[in-house]
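Participant: Contents of final-v6.cif (mmCIF, C-alpha atoms) are given next:
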data_start
loop_
_atom_site.label_atom_id
_atom_site.label_comp_id
_atom_site.auth_asym_id
_atom_site.auth_seq_id
_atom_site.Cartn_x
_atom_site.Cartn_y
_atom_site.Cartn_z
CA MET A 1 0.00 0.00 0.00
CA LYS A 2 2.89 2.32 0.80
CA GLY A 3 4.11 1.93 -2.80
CA LYS A 4 0.70 2.95 -4.16
CA LEU A 5 0.61 6.02 -1.94
CA ASN A 6 4.06 6.92 -3.17
CA GLU A 7 2.80 6.99 -6.78
CA LEU A 8 0.33 9.65 -5.68
CA THR A 9 2.54 11.79 -3.50
CA LYS A 10 5.75 11.77 -5.56
CA GLY A 11 4.28 14.30 -8.01
CA ILE A 12 3.48 16.79 -5.28
CA LEU A 13 6.96 17.43 -3.87
CA LYS A 14 9.72 14.97 -4.77
CA GLU A 15 9.09 14.97 -8.53
CA ASN A 16 7.07 18.19 -8.71
CA PRO A 17 6.63 18.72 -12.48
CA VAL A 18 7.15 22.49 -12.35
CA PHE A 19 9.83 23.17 -9.76
CA VAL A 20 11.84 19.94 -9.89
CA LEU A 21 11.40 18.61 -13.43
CA VAL A 22 10.93 22.14 -14.95
CA LEU A 23 8.28 20.92 -17.43
CA GLY A 24 5.19 22.61 -18.82
CA LEU A 25 6.32 26.11 -17.94
CA CYS A 26 4.42 28.07 -20.58
CA PRO A 27 0.97 27.88 -18.92
CA VAL A 28 2.52 28.20 -15.45
CA LEU A 29 3.89 31.64 -16.30
CA GLY A 30 1.31 32.61 -18.91
CA VAL A 31 -1.93 32.26 -16.94
CA SER A 32 -0.73 32.86 -13.39
CA SER A 33 -1.58 36.56 -13.16
CA GLN A 34 -4.88 35.72 -11.38
CA VAL A 35 -5.65 32.90 -8.97
CA SER A 36 -8.94 32.05 -10.72
CA ASN A 37 -7.17 31.51 -14.06
CA ALA A 38 -4.59 29.32 -12.36
CA LEU A 39 -7.35 27.18 -10.83
CA GLY A 40 -9.14 26.91 -14.20
CA MET A 41 -5.91 25.77 -15.84
CA SER A 42 -5.29 23.26 -13.04
CA ILE A 43 -8.74 21.71 -13.53
CA ALA A 44 -8.18 21.44 -17.29
CA VAL A 45 -4.78 19.79 -16.79
CA LEU A 46 -6.17 17.41 -14.12
CA PHE A 47 -8.91 16.28 -16.50
CA VAL A 48 -6.68 15.84 -19.56
CA LEU A 49 -3.83 14.19 -17.67
CA THR A 50 -6.06 11.71 -15.80
CA PHE A 51 -8.00 10.62 -18.86
CA SER A 52 -4.97 10.47 -21.15
CA ASN A 53 -3.19 8.27 -18.60
CA ILE A 54 -6.28 6.01 -18.31
CA ILE A 55 -6.73 5.66 -22.08
CA ILE A 56 -3.06 5.15 -22.85
CA SER A 57 -2.67 2.66 -20.03
CA LEU A 58 -5.67 0.70 -21.35
CA LEU A 59 -4.29 0.74 -24.88
CA ARG A 60 -0.66 0.13 -23.95
CA LYS A 61 -0.63 -3.40 -25.38
CA VAL A 62 -2.52 -2.39 -28.57
CA ILE A 63 -0.51 0.64 -29.72
CA PRO A 64 2.47 -0.45 -31.88
CA ALA A 65 5.76 0.87 -30.58
CA SER A 66 6.79 2.50 -33.86
CA ILE A 67 3.86 4.96 -33.92
CA HIS A 68 3.29 5.42 -30.20
CA ILE A 69 4.04 9.17 -30.08
CA PRO A 70 1.51 10.15 -32.82
CA ALA A 71 -1.07 7.86 -31.17
CA TYR A 72 -0.54 9.57 -27.81
CA ILE A 73 -0.82 12.99 -29.44
CA VAL A 74 -4.17 12.08 -31.01
CA VAL A 75 -5.53 10.87 -27.66
CA ILE A 76 -4.33 14.00 -25.86
CA ALA A 77 -5.56 16.36 -28.60
CA SER A 78 -9.05 14.82 -28.54
CA LEU A 79 -9.22 15.23 -24.76
CA VAL A 80 -8.06 18.84 -25.05
CA THR A 81 -10.74 19.52 -27.67
CA ILE A 82 -13.38 18.10 -25.29
CA THR A 83 -12.07 20.31 -22.46
CA GLU A 84 -12.10 23.36 -24.73
CA MET A 85 -15.71 22.79 -25.78
CA VAL A 86 -16.92 22.09 -22.23
CA MET A 87 -15.18 25.21 -20.88
CA HIS A 88 -16.49 27.33 -23.74
CA ALA A 89 -20.04 26.21 -22.89
CA PHE A 90 -20.00 26.29 -19.08
CA ALA A 91 -17.22 28.71 -18.07
CA PRO A 92 -16.93 31.26 -20.91
CA SER A 93 -15.08 33.88 -18.82
CA ILE A 94 -12.30 31.44 -17.86
CA TYR A 95 -12.27 30.10 -21.43
CA SER A 96 -11.53 33.57 -22.79
CA SER A 97 -8.95 34.47 -20.15
CA LEU A 98 -7.03 31.23 -20.69
CA GLY A 99 -7.01 32.08 -24.42
CA VAL A 100 -4.35 30.35 -26.47
CA PHE A 101 -3.04 28.39 -23.48
CA LEU A 102 -6.09 26.09 -23.44
CA PRO A 103 -5.42 24.47 -26.87
CA LEU A 104 -1.72 24.52 -26.00
CA ILE A 105 -2.28 21.88 -23.28
CA VAL A 106 -1.74 19.48 -26.22
CA VAL A 107 1.96 20.29 -26.33
CA ASN A 108 2.38 20.51 -22.55
CA CYS A 109 5.41 18.31 -21.87
CA ILE A 110 3.97 17.08 -18.54
CA ILE A 111 1.13 15.21 -20.23
CA LEU A 112 3.10 13.59 -23.06
CA GLY A 113 5.91 12.94 -20.59
CA ARG A 114 3.69 11.02 -18.15
CA ALA A 115 2.10 9.06 -21.01
CA GLU A 116 5.52 8.04 -22.29
CA ALA A 117 7.28 7.50 -18.97
CA PHE A 118 4.50 6.04 -16.85
CA ALA A 119 1.12 5.16 -18.40
CA SER A 120 2.66 3.13 -21.23
CA LYS A 121 4.29 0.78 -18.72
CA ASN A 122 1.92 0.55 -15.76
CA THR A 123 -1.57 -0.61 -14.84
CA VAL A 124 -4.64 1.63 -15.09
CA PHE A 125 -4.96 2.12 -11.33
CA ASP A 126 -1.31 3.13 -10.88
CA SER A 127 -1.60 5.46 -13.87
CA ILE A 128 -4.59 7.23 -12.33
CA LEU A 129 -2.67 7.74 -9.08
CA ASP A 130 0.34 9.04 -11.00
CA ALA A 131 -1.83 11.43 -13.07
CA VAL A 132 -3.67 12.81 -10.04
CA GLY A 133 -0.40 13.30 -8.14
CA MET A 134 1.30 15.07 -11.03
CA ALA A 135 -1.77 17.24 -11.69
CA LEU A 136 -1.90 18.19 -8.00
CA GLY A 137 1.78 19.09 -8.10
CA PHE A 138 1.14 21.23 -11.16
CA ALA A 139 -1.94 22.82 -9.55
CA LEU A 140 -0.09 23.65 -6.31
CA SER A 141 2.83 25.23 -8.18
CA ILE A 142 0.73 27.35 -10.55
CA THR A 143 -1.59 28.45 -7.72
CA LEU A 144 1.37 29.35 -5.52
CA ILE A 145 2.85 31.53 -8.28
CA ALA A 146 -0.56 33.07 -9.00
CA LEU A 147 -1.15 33.84 -5.30
CA ILE A 148 2.19 35.62 -4.98
CA ARG A 149 1.78 37.49 -8.26
CA GLU A 150 -1.78 38.65 -7.66
CA LEU A 151 -1.17 39.55 -4.03
CA MET A 152 1.92 41.64 -4.80
CA GLY A 153 0.77 42.98 -8.15
CA ALA A 154 -2.84 43.92 -7.44
CA GLY A 155 -3.46 43.31 -3.72
CA THR A 156 -6.39 41.01 -4.43
CA ILE A 157 -7.12 37.29 -4.62
CA THR A 158 -9.64 36.43 -7.34
CA LEU A 159 -11.63 33.24 -6.88
CA PHE A 160 -14.86 32.12 -8.55
CA ALA A 161 -18.01 34.17 -7.90
CA VAL A 162 -20.59 32.17 -5.91
CA GLY A 163 -23.94 33.75 -4.91
CA ASP A 164 -23.39 37.01 -3.02
CA PHE A 165 -19.64 36.55 -2.95
CA SER A 166 -18.16 38.49 -5.86
CA GLY A 167 -15.10 36.24 -6.01
CA VAL A 168 -12.57 39.00 -5.29
CA ILE A 169 -10.90 39.16 -1.87
CA THR A 170 -9.02 42.40 -1.24
CA ILE A 171 -6.01 42.30 1.03
CA PRO A 172 -5.41 45.42 3.15
CA TRP A 173 -2.11 47.32 2.70
CA PHE A 174 -1.26 45.37 -0.48
CA ILE A 175 -4.27 46.90 -2.27
CA ASP A 176 -2.88 50.42 -1.60
CA ASN A 177 0.71 49.52 -2.49
CA PRO A 178 0.57 47.29 -5.56
CA ILE A 179 3.80 46.38 -7.35
CA ARG A 180 2.27 46.38 -10.84
CA VAL A 181 5.21 44.71 -12.54
CA MET A 182 4.49 41.49 -10.64
CA SER A 183 1.24 40.93 -12.55
CA LEU A 184 3.03 41.64 -15.85
CA ALA A 185 5.40 39.36 -17.74
CA PRO A 186 8.70 40.16 -15.90
CA GLY A 187 7.16 39.41 -12.48
CA ALA A 188 6.30 35.87 -13.54
CA LEU A 189 9.88 35.12 -14.62
CA LEU A 190 11.42 36.72 -11.51
CA ILE A 191 9.12 34.85 -9.10
CA MET A 192 9.72 31.58 -10.96
CA GLY A 193 13.49 32.12 -10.61
CA TYR A 194 13.34 32.82 -6.89
CA LEU A 195 10.95 29.95 -6.16
CA LYS A 196 13.10 27.51 -8.15
CA ALA A 197 16.15 28.65 -6.15
CA PHE A 198 14.18 28.18 -2.93
CA PHE A 199 13.12 24.64 -3.93
CA ASP A 200 16.70 23.72 -4.92
CA PHE A 201 17.91 25.10 -1.60
CA THR A 202 15.47 23.03 0.50
CA ALA A 203 16.21 19.93 -1.62
CA SER A 204 19.98 20.30 -1.11
CA ARG A 205 19.49 20.86 2.63
CA LYS A 206 17.54 17.60 2.83
CA LYS A 207 20.22 15.74 0.91
CA ASP A 208 23.03 16.98 3.20
CA ARG A 209 21.23 15.77 6.28
CA MET B 1 -2.64 45.80 -40.39
CA SER B 2 0.46 46.53 -42.43
CA TYR B 3 3.23 43.96 -42.64
CA ILE B 4 5.71 46.20 -40.79
CA ALA B 5 3.22 46.50 -37.96
CA ILE B 6 2.87 42.70 -37.80
CA ILE B 7 6.66 42.28 -37.70
CA LEU B 8 7.11 44.90 -34.96
CA THR B 9 4.26 43.36 -32.97
CA PHE B 10 5.56 39.78 -33.10
CA VAL B 11 9.25 40.61 -32.61
CA PHE B 12 9.10 43.34 -29.96
CA ILE B 13 5.67 44.21 -28.56
CA ASN B 14 4.36 40.65 -28.12
CA ASN B 15 7.67 38.80 -28.17
CA PHE B 16 6.75 35.11 -28.05
CA ILE B 17 9.08 34.18 -25.23
CA LEU B 18 9.43 37.24 -23.06
CA VAL B 19 5.88 38.61 -23.23
CA GLN B 20 3.59 35.74 -24.21
CA PHE B 21 5.54 32.89 -22.56
CA LEU B 22 5.37 30.53 -25.54
CA GLY B 23 8.30 28.20 -26.13
CA LEU B 24 9.94 28.51 -22.72
CA CYS B 25 11.23 24.91 -22.64
CA PRO B 26 13.77 25.34 -25.47
CA PHE B 27 14.46 28.88 -24.23
CA ILE B 28 15.74 27.52 -20.91
CA GLY B 29 16.97 24.16 -22.25
CA VAL B 30 18.95 25.12 -25.36
CA SER B 31 20.34 28.53 -24.34
CA LYS B 32 23.53 27.39 -22.63
CA ASN B 33 25.76 28.38 -25.57
CA SER B 34 25.17 30.78 -28.41
CA GLU B 35 25.97 28.35 -31.22
CA ASN B 36 23.14 26.01 -30.22
CA ALA B 37 20.85 28.98 -29.62
CA ILE B 38 21.35 30.23 -33.19
CA GLY B 39 20.70 26.73 -34.56
CA MET B 40 17.52 26.39 -32.52
CA GLY B 41 16.36 29.87 -33.50
CA ALA B 42 16.91 29.21 -37.21
CA SER B 43 15.09 25.86 -37.08
CA VAL B 44 12.13 27.33 -35.19
CA THR B 45 11.86 30.28 -37.60
CA PHE B 46 11.89 27.91 -40.56
CA VAL B 47 9.28 25.54 -39.11
CA MET B 48 7.06 28.39 -37.91
CA THR B 49 7.00 30.01 -41.35
CA VAL B 50 6.10 26.78 -43.16
CA ALA B 51 3.64 25.74 -40.44
CA SER B 52 1.87 29.12 -40.52
CA VAL B 53 1.16 28.87 -44.24
CA VAL B 54 0.23 25.16 -44.20
CA THR B 55 -2.10 25.40 -41.20
CA TRP B 56 -3.69 28.53 -42.68
CA ALA B 57 -4.42 26.65 -45.92
CA ILE B 58 -5.79 23.62 -44.08
CA TYR B 59 -8.02 25.78 -41.90
CA TYR B 60 -9.56 27.76 -44.75
CA PHE B 61 -9.66 25.09 -47.47
CA LEU B 62 -10.49 22.02 -45.39
CA LEU B 63 -11.98 22.87 -42.00
CA VAL B 64 -14.10 25.92 -42.85
CA PRO B 65 -15.91 24.46 -45.94
CA PHE B 66 -16.97 21.42 -43.91
CA SER B 67 -17.55 23.54 -40.74
CA LEU B 68 -15.12 21.43 -38.74
CA GLN B 69 -13.46 24.37 -36.93
CA TYR B 70 -13.70 22.53 -33.62
CA LEU B 71 -11.11 20.05 -34.90
CA GLN B 72 -8.56 22.90 -35.15
CA THR B 73 -6.33 21.79 -32.25
CA LEU B 74 -6.28 18.14 -33.29
CA THR B 75 -5.58 18.88 -36.96
CA PHE B 76 -2.91 21.51 -36.34
CA ILE B 77 -0.81 19.40 -34.00
CA LEU B 78 -0.90 16.43 -36.38
CA VAL B 79 -0.04 18.64 -39.34
CA ILE B 80 2.86 20.23 -37.46
CA ALA B 81 4.17 16.85 -36.29
CA SER B 82 4.13 15.36 -39.79
CA LEU B 83 5.47 18.58 -41.28
CA VAL B 84 8.49 18.50 -38.99
CA GLN B 85 9.10 14.88 -39.95
CA LEU B 86 8.80 15.72 -43.65
CA LEU B 87 11.10 18.74 -43.36
CA GLU B 88 13.66 16.59 -41.59
CA MET B 89 13.66 14.10 -44.49
CA VAL B 90 13.70 16.80 -47.18
CA ILE B 91 16.57 18.72 -45.58
CA GLN B 92 18.54 15.51 -45.10
CA LYS B 93 18.14 14.72 -48.81
CA ILE B 94 18.76 18.19 -50.28
CA SER B 95 21.33 19.67 -47.98
CA PRO B 96 23.23 17.31 -45.66
CA SER B 97 25.25 20.23 -44.28
CA LEU B 98 22.11 22.13 -43.24
CA TYR B 99 20.79 18.88 -41.77
CA LYS B 100 23.94 18.53 -39.73
CA ALA B 101 23.42 22.01 -38.31
CA LEU B 102 19.66 21.88 -37.66
CA GLY B 103 18.98 18.12 -37.47
CA ILE B 104 19.23 17.65 -33.73
CA TYR B 105 16.79 20.49 -33.03
CA LEU B 106 14.06 19.46 -35.45
CA PRO B 107 12.51 16.60 -33.39
CA LEU B 108 12.36 18.92 -30.37
CA ILE B 109 10.26 21.43 -32.28
CA THR B 110 7.14 19.24 -32.57
CA THR B 111 6.30 19.76 -28.93
CA ASN B 112 7.38 23.41 -28.93
CA CYS B 113 4.26 25.33 -28.00
CA ALA B 114 5.45 28.41 -29.91
CA VAL B 115 4.84 26.67 -33.27
CA LEU B 116 1.29 25.57 -32.45
CA GLY B 117 0.83 28.96 -30.77
CA VAL B 118 1.65 30.97 -33.88
CA ALA B 119 -0.70 28.80 -35.97
CA ILE B 120 -3.58 29.38 -33.55
CA ILE B 121 -2.84 33.11 -33.17
CA ASN B 122 -2.79 33.57 -36.96
CA ILE B 123 -6.27 32.06 -37.17
CA SER B 124 -7.71 33.93 -34.18
CA ASN B 125 -6.40 37.24 -35.61
CA SER B 126 -8.13 36.25 -38.92
CA TYR B 127 -5.02 36.99 -40.97
CA ASN B 128 -4.92 36.38 -44.73
CA VAL B 129 -2.26 34.07 -46.14
CA MET B 130 0.43 36.75 -46.61
CA GLU B 131 -0.17 38.11 -43.12
CA ALA B 132 0.04 34.58 -41.68
CA PHE B 133 3.34 34.06 -43.55
CA THR B 134 4.70 37.36 -42.17
CA GLY B 135 3.46 36.44 -38.70
CA GLY B 136 5.29 33.12 -38.89
CA ILE B 137 8.60 34.68 -39.91
CA ALA B 138 8.31 37.52 -37.39
CA ALA B 139 7.40 35.21 -34.50
CA GLY B 140 10.43 33.08 -35.38
CA LEU B 141 12.69 36.14 -35.49
CA GLY B 142 11.39 37.26 -32.09
CA PHE B 143 12.10 33.79 -30.71
CA THR B 144 15.62 33.83 -32.19
CA LEU B 145 16.32 37.31 -30.81
CA ALA B 146 15.32 36.30 -27.29
CA ILE B 147 17.14 32.94 -27.26
CA VAL B 148 20.37 34.38 -28.74
CA LEU B 149 20.42 37.28 -26.25
CA MET B 150 19.76 34.81 -23.45
CA SER B 151 22.57 32.46 -24.52
CA ASN B 152 25.04 35.35 -24.51
CA ILE B 153 23.94 36.34 -21.02
CA ARG B 154 24.28 32.75 -19.81
CA GLU B 155 27.75 32.36 -21.32
CA ARG B 156 28.87 35.38 -19.31
CA LEU B 157 27.10 34.16 -16.18
CA GLU B 158 29.25 31.01 -16.30
CA LEU B 159 32.26 33.16 -15.40
CA GLN B 160 30.53 35.12 -12.64
CA PRO B 161 30.45 34.21 -8.97
CA VAL B 162 26.79 33.18 -8.61
CA GLN B 163 25.38 31.87 -5.33
CA ARG B 164 25.26 28.07 -5.39
CA VAL B 165 21.45 27.75 -5.14
CA PHE B 166 20.94 30.29 -7.93
CA LYS B 167 23.30 28.55 -10.39
CA GLY B 168 21.76 27.25 -13.64
CA VAL B 169 18.01 27.51 -14.08
CA PRO B 170 17.10 30.02 -11.30
CA ILE B 171 19.56 32.69 -12.44
CA ALA B 172 18.45 32.09 -16.04
CA PHE B 173 14.86 32.86 -15.07
CA ILE B 174 15.86 35.98 -13.16
CA SER B 175 17.93 37.26 -16.11
CA ALA B 176 14.98 36.51 -18.40
CA GLY B 177 12.78 38.52 -16.05
CA LEU B 178 15.12 41.52 -16.30
CA MET B 179 15.15 41.11 -20.09
CA ALA B 180 11.34 41.03 -20.12
CA LEU B 181 11.42 44.23 -18.07
CA SER B 182 13.39 45.96 -20.83
CA PHE B 183 10.99 44.59 -23.47
CA MET B 184 8.16 46.38 -21.66
CA ALA B 185 9.53 49.55 -23.25
CA PHE B 186 7.87 48.37 -26.46
CA ASP B 187 4.10 48.68 -26.40
CA ARG B 188 1.31 49.64 -28.75
CA SER B 189 2.35 53.30 -28.62
CA LEU B 190 5.33 52.27 -30.77
CA LEU B 191 2.92 51.54 -33.63
CA THR B 192 0.96 54.75 -33.07
CA ASN B 193 4.12 56.86 -33.01
CA LEU B 194 5.27 55.30 -36.29
CA HIS B 195 1.77 55.98 -37.78
CA LEU B 196 1.25 52.28 -38.51
CA VAL B 197 -2.21 51.96 -37.00
#
If you convert what's in this file into structure tokens, what do you get?
Facilitator:
Amino acid sequence: MKGKLNELTKGILKENPVFVLVLGLCPVLGVSSQVSNALGMSIAVLFVLTFSNIIISLLRKVIPASIHIPAYIVVIASLVTITEMVMHAFAPSIYSSLGVFLPLIVVNCIILGRAEAFASKNTVFDSILDAVGMALGFALSITLIALIRELMGAGTITLFAVGDFSGVITIPWFIDNPIRVMSLAPGALLIMGYLKAFFDFTASRKKDR
Amino acid sequence: MSYIAIILTFVFINNFILVQFLGLCPFIGVSKNSENAIGMGASVTFVMTVASVVTWAIYYFLLVPFSLQYLQTLTFILVIASLVQLLEMVIQKISPSLYKALGIYLPLITTNCAVLGVAIINISNSYNVMEAFTGGIAAGLGFTLAIVLMSNIRERLELQPVQRVFKGVPIAFISAGLMALSFMAFDRSLLTNLHLV
């Protein structure tokens, strides 16, 4: 059982796709200017990654080795098209703010990477655990970056509007002293650099011990 | 929109790497020395230009007449993947020396989101075929500019005393952030001042 749990948790910290493996960076930096966009992207990636791992794991004995990459791309692209259409219908505001990054999930290295490295060799159940773990790791990283960027850049935290709650939480002091550049392109790269350094630092500390 | 305006927009105002964050993986991965960066930039520019025109033609001659626009993502990625394969074979046959220079980068380009990105952006801006062609070249030039500048910075960083935890990827991101800061000097007012819009 411990081994199964490890499949799930390894994606969150030890093999975090963003900070440790440095994969799938484009959406992480591109849509992390607001927390709500980051959450929308996380849900899309969770859906595509889980189902692509399930389908590829089911078909792993059927797909011939010589054309496995094109076959994976077709599976992933179909799932992305489904996600796009569902989001367009039910969450049009997130659909438009994710923009070009939603179809670009197709070329996200995390998804093709997990299909190639894990789902093509393991059982369906293990592949689901792996996909959920990796997607959670991705979601935590992108939300962390979005939280920092939105807090410093605008002084707000934007979530989804539910009932009376408008979805925007304003943070005192930060709202009066926004560092605008943090919500723009340079802020994303700077924060990514510092967070990566921080993760490397904690990892090396652990290794020394 | 005039062609000069498209070029200025794709190279400076909406630089693919530093402003739109498309194609970051090769930007960080292949920018350790300037020779590789130039090779990668040239290959990406070439593939982007061809891919822009081919995906434009497929969209307007195949998908629109049969109202299959929702298959855009699926079709484009397959077209780009087979196109890269085809280009690899053609270059190998016609010019072995060019193949030697670009060959190792070509397989990496299939999963480069900048190529699929430019195809999708061309369609969503409803460009005509010449504008899509210009967009492809200009996006590739913007990519090359950013990756070549970055590789020069990283070559110099090798010789600098950088804190151990910042070595490699973290300092690359921070330098890219400072570069993006300087690219903020270019915005839409550049086009207005040049009387292009």
Participant: Tell me as an MDAnalysis selection string which residues belonging to chain B come within 6 Å of chain A, counting all atoms listed in the file.
Facilitator: chainID B and resid 19 21:22 24 74 111 113 165:166 170 173:174 177 180:181
Participant: Limited to C-alpha atoms, could you put the picked residues into a file as a PDB file, keeping the file's coordinate frame?
Facilitator:
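Just written: part_31.pdb:
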ATOM      1  CA  VAL B  19       5.880  38.610 -23.230  1.00  0.00           C
ATOM      2  CA  PHE B  21       5.540  32.890 -22.560  1.00  0.00           C
ATOM      3  CA  LEU B  22       5.370  30.530 -25.540  1.00  0.00           C
ATOM      4  CA  LEU B  24       9.940  28.510 -22.720  1.00  0.00           C
ATOM      5  CA  LEU B  74      -6.280  18.140 -33.290  1.00  0.00           C
ATOM      6  CA  THR B 111       6.300  19.760 -28.930  1.00  0.00           C
ATOM      7  CA  CYS B 113       4.260  25.330 -28.000  1.00  0.00           C
ATOM      8  CA  VAL B 165      21.450  27.750  -5.140  1.00  0.00           C
ATOM      9  CA  PHE B 166      20.940  30.290  -7.930  1.00  0.00           C
ATOM     10  CA  PRO B 170      17.100  30.020 -11.300  1.00  0.00           C
ATOM     11  CA  PHE B 173      14.860  32.860 -15.070  1.00  0.00           C
ATOM     12  CA  ILE B 174      15.860  35.980 -13.160  1.00  0.00           C
ATOM     13  CA  GLY B 177      12.780  38.520 -16.050  1.00  0.00           C
ATOM     14  CA  ALA B 180      11.340  41.030 -20.120  1.00  0.00           C
ATOM     15  CA  LEU B 181      11.420  44.230 -18.070  1.00  0.00           C
TER      16      LEU B 181
END
Participant: Written as a ChimeraX atom specification, which residues does the PyMOL selection byres ((chain B and resi 188) around 12) give for the file shown?
Facilitator: /B:5-6,8-10,12-14,184-187,189-197
Participant: Run through the PyMOL selection byres ((chain A and resi 10) around 12) on the given coordinates and return the selected residues as a PyMOL selection string.
Facilitator: chain A and resi 2-9+11-17+20-21+129-138
Participant: Using all atoms listed in the file, can you tell me which of B:Ser67, B:Thr144, B:Ser2, B:Gln85 comes closest to B:Thr45?
Facilitator: B:Thr144
Participant: Return the single residue from B:Val118, B:Tyr127, B:Met150, B:Glu158 that is closest to B:Ser175, with distances computed using all atoms listed in the file.
Facilitator: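 Smallest separation from B:Ser175 among the options: B:Met150.
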Participant: So, with only C-alpha atoms as the atoms that count, which of A:Ile94, A:Val35, A:Ile54, A:Met87 lies closest to A:Thr156?
Facilitator: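 Of A:Ile94, A:Val35, A:Ile54, A:Met87, the one nearest A:Thr156, counting only C-alpha atoms, is A:Val35.
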Participant: Render stretch 184-189 of chain A from the structure in the preceding block as a file of all heavy atoms, as a compact mmCIF listing (two decimals), in the first residue's frame.
Facilitator:
# COMPACT_ATOMS: atom_id res chain seq x y z
N LEU A 184 2.64 41.64 -14.44
CA LEU A 184 3.03 41.64 -15.85
C LEU A 184 4.08 40.55 -16.09
O LEU A 184 4.49 39.85 -15.17
CB LEU A 184 3.57 43.01 -16.24
CG LEU A 184 2.57 44.16 -16.01
CD1 LEU A 184 3.25 45.49 -16.18
CD2 LEU A 184 1.40 44.04 -16.96
N ALA A 185 4.51 40.46 -17.35
CA ALA A 185 5.40 39.36 -17.74
C ALA A 185 6.67 39.24 -16.89
O ALA A 185 6.99 38.14 -16.44
CB ALA A 185 5.76 39.50 -19.22
N PRO A 186 7.43 40.33 -16.62
CA PRO A 186 8.70 40.16 -15.90
C PRO A 186 8.51 39.55 -14.52
O PRO A 186 9.31 38.73 -14.07
CB PRO A 186 9.24 41.59 -15.78
CG PRO A 186 8.55 42.36 -16.82
CD PRO A 186 7.21 41.73 -17.01
N GLY A 187 7.42 39.93 -13.82
CA GLY A 187 7.16 39.41 -12.48
C GLY A 187 7.09 37.91 -12.46
O GLY A 187 7.62 37.26 -11.55
N ALA A 188 6.43 37.33 -13.49
CA ALA A 188 6.30 35.87 -13.54
C ALA A 188 7.67 35.21 -13.60
O ALA A 188 7.94 34.25 -12.87
CB ALA A 188 5.47 35.47 -14.76
N LEU A 189 8.55 35.74 -14.46
CA LEU A 189 9.88 35.12 -14.62
C LEU A 189 10.70 35.28 -13.34
O LEU A 189 11.38 34.35 -12.90
CB LEU A 189 10.60 35.76 -15.81
CG LEU A 189 10.01 35.40 -17.18
CD1 LEU A 189 10.46 36.38 -18.23
CD2 LEU A 189 10.43 34.00 -17.58
